[in-house]
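K.L.:
After the structure tokens below, expect a handful of questions from me.
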Amino acid sequence: MGSPQSDEPGWDQKEMPFTEHLRELRSRLLVAIAAVGLLSVILFWPSQFIIKWMVATYFHGVTLHAFGPADVIFTEFKLSLIGGIILGLPVLFYEAWMFVVPAVHPKTRRMVYGFIVPSLLLALTGLAFAHFVVIPRVVAALLGITNEVATPTFGVNQTLGFVLILLGLFAIIFQLPIILIGLARLGIISGAWLGKYRRHAFFAMVVAAGIAAPDGNPLTMALLALPMYVLYESSIWIILIFERSWRR
């Protein structure tokens, strides 16, 4: 007698030896690494112009300094690698998904497919929020504090690394609704449960913002924690709206 899952139409779970899984994993990792590596090489030359644009956009009138002969090259390499990972995300996600999809139930697959576009839109929204709201205010606050007691002399590697961390943090932070709604859709959590622990969640977000803030500035912490809490509350309302239809 077949299992309930095997009797479902469209269920194509594969049974493979462990060595075959390892071979498939190796081949997919090689494809993913090759895609990121190729994109990083392509982006290495334009990265110098991206660095100039970032300096002009976020640090008006500030001259960045190289404290070592390899600082600029290392910064360009790091920027091109991050760009290669970002542009290569479709390949990375595809290879990861194709590795695990044979073991995923068709209903769960449909849910994952439905989250792809909202996830990309939320990531872009997070990047835009960091670009237009967070980084200009944080940089202005830090420059004001620095100018009160010292002459700013910023290194190119550390400064742009700070900007990239903020951009990456907000792209990740804005995925919170996808995570919470996905867990609720699977029946692991509920809107009522999230509402019950909202105070605990807010405290955890404040602590996480304090740890994640790359400069330890209270303004940066607030700009990290508040969007997380707004997204948390928005997720609760979305879950409560759709929860009954999910149960049916």
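Ordering of the structure tokens sets the chain letters (A, B, ...), residue numbers begin anew at 1 in every chain, and ligands are numbered from 1 in the order given.
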As a list in words, please: the residues near Lys52 in chain A (cut-off 12 Å, only C-alpha atoms, same-chain neighbours under 4 positions excluded).
P.N.:
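The residues satisfying every condition are Pro46, Ser47, Gln48, Ala56, Thr57, Tyr58, Phe59, His60, Val62, Thr63, Leu64, Val72, Thr75, Glu76, Val156 and Leu160 of chain A.
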K.L.:
Which one is closest to Gly68 in chain A: A:Asn157, A:Phe174, A:Phe203, A:Ala225? Count only C-alpha atoms.
P.N.:
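Among the listed residues, A:Asn157 lies closest to Gly68 in chain A.
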K.L.:
Have a look at A:Ile73, A:Val117, A:Ile86, A:Val139 and name the one nearest to Val36 in chain A; count only C-alpha atoms.
P.N.:
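Once distances to Val36 in chain A are computed over only C-alpha atoms, the minimum belongs to A:Ile86.
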K.L.:
Determine which residues of range 1-226 of chain A DSSP labels as strand (DSSP E or B) from the backbone of this structure, then write them out as a PyMOL selection string.
P.N.:
chain A and resi 64-65+154-155
K.L.:
Given the choices A:Ile178, A:Ile239, A:Ala184, A:Ala35, which gets closest to Ala123 in chain A if the distance is worked out from only C-alpha atoms?
P.N.:
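Distance minimum relative to Ala123 in chain A lands on A:Ile178.
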K.L.:
Quick one: residues within 12 Å of Leu183 in chain A, only C-alpha atoms counted, chain neighbours fewer than 4 positions away excluded, as an NGL selection string?
P.N.:
:A and (108 or 111-112 or 176-179 or 187-191 or 193-194 or 235-236 or 239 or 243)
K.L.:
Pull N, CA and C atoms from the residues just selected and write them as a short mmCIF file (atom, residue, chain, number, x, y, z; two decimals), in the first residue's frame.
P.N.:
data_model
loop_
_atom_site.label_atom_id
_atom_site.label_comp_id
_atom_site.auth_asym_id
_atom_site.auth_seq_id
_atom_site.Cartn_x
_atom_site.Cartn_y
_atom_site.Cartn_z
N THR A 108 3.61 22.32 -1.73
CA THR A 108 4.66 23.20 -1.21
C THR A 108 5.39 23.88 -2.36
N MET A 111 3.46 26.89 -3.44
CA MET A 111 3.61 27.98 -2.49
C MET A 111 4.93 28.71 -2.70
N VAL A 112 6.00 27.95 -2.92
CA VAL A 112 7.32 28.55 -3.15
C VAL A 112 7.31 29.39 -4.42
N LEU A 176 11.24 39.57 5.81
CA LEU A 176 10.53 39.09 6.99
C LEU A 176 9.08 38.68 6.70
N PRO A 177 8.29 39.46 5.94
CA PRO A 177 6.92 39.01 5.65
C PRO A 177 6.87 37.68 4.91
N ILE A 178 7.80 37.46 3.98
CA ILE A 178 7.82 36.20 3.23
C ILE A 178 8.05 35.03 4.19
N ILE A 179 8.97 35.20 5.14
CA ILE A 179 9.28 34.13 6.09
C ILE A 179 8.08 33.85 6.99
N GLY A 187 1.33 26.20 8.51
CA GLY A 187 0.68 25.84 9.76
C GLY A 187 1.60 25.80 10.96
N ILE A 188 2.81 26.32 10.82
CA ILE A 188 3.77 26.29 11.93
C ILE A 188 3.47 27.40 12.93
N ILE A 189 3.06 28.58 12.45
CA ILE A 189 2.67 29.68 13.32
C ILE A 189 1.31 30.19 12.88
N SER A 190 0.74 31.13 13.64
CA SER A 190 -0.55 31.73 13.28
C SER A 190 -0.50 33.22 13.56
N GLY A 191 -1.49 33.93 13.03
CA GLY A 191 -1.57 35.36 13.28
C GLY A 191 -1.78 35.67 14.75
N TRP A 193 -0.81 33.86 17.28
CA TRP A 193 0.45 33.58 17.99
C TRP A 193 1.43 34.73 17.82
N LEU A 194 1.54 35.25 16.61
CA LEU A 194 2.43 36.39 16.37
C LEU A 194 1.98 37.62 17.16
N SER A 235 2.71 41.67 8.49
CA SER A 235 2.59 40.23 8.27
C SER A 235 1.44 39.65 9.08
N ILE A 236 1.27 40.14 10.31
CA ILE A 236 0.18 39.65 11.15
C ILE A 236 -1.17 39.90 10.47
N ILE A 239 -1.67 37.64 7.44
CA ILE A 239 -1.95 36.26 7.86
C ILE A 239 -3.38 36.13 8.36
N GLU A 243 -5.94 33.52 6.73
CA GLU A 243 -5.83 32.30 7.53
C GLU A 243 -7.02 31.37 7.35
#
K.L.:
Quick one: of A:Leu30, A:Ala171, A:Val55, A:Leu231, who's nearest to Ala96 in chain A, counting only C-alpha atoms?
P.N.:
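The answer is A:Leu30, which sits nearest to Ala96 in chain A.
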K.L.:
Which residue out of A:Gly161, A:Gly155, A:Pro102, A:Pro118 has the minimum interatomic distance to Lys78 in chain A when only C-alpha atoms are used?
P.N.:
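Once distances to Lys78 in chain A are computed over only C-alpha atoms, the minimum belongs to A:Gly161.
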K.L.:
Which residue is closest to Phe49 in chain A? Choose from A:Ala32, A:Leu79, A:Leu186, A:Leu223 and count only C-alpha atoms.
P.N.:
A:Leu79
K.L.:
Could you pull out the residues in range 86-220 of chain A that DSSP calls alpha helix (DSSP H) from the backbone, as number ranges by chain?
P.N.:
A: 86-87, 89-100, 106-129, 135-149, 156-173, 176-185, 191-196, 198-212, 218-220
K.L.:
How many Å lie between CA of Ala192 in chain A and CA of Tyr113 in chain A, rounded to one decimal?
P.N.:
26.0 Å
K.L.:
Can you measure CA of Gly84 in chain A to CA of Leu38 in chain A for me? One decimal in Å is fine.
P.N.:
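The value is 7.7 Å.
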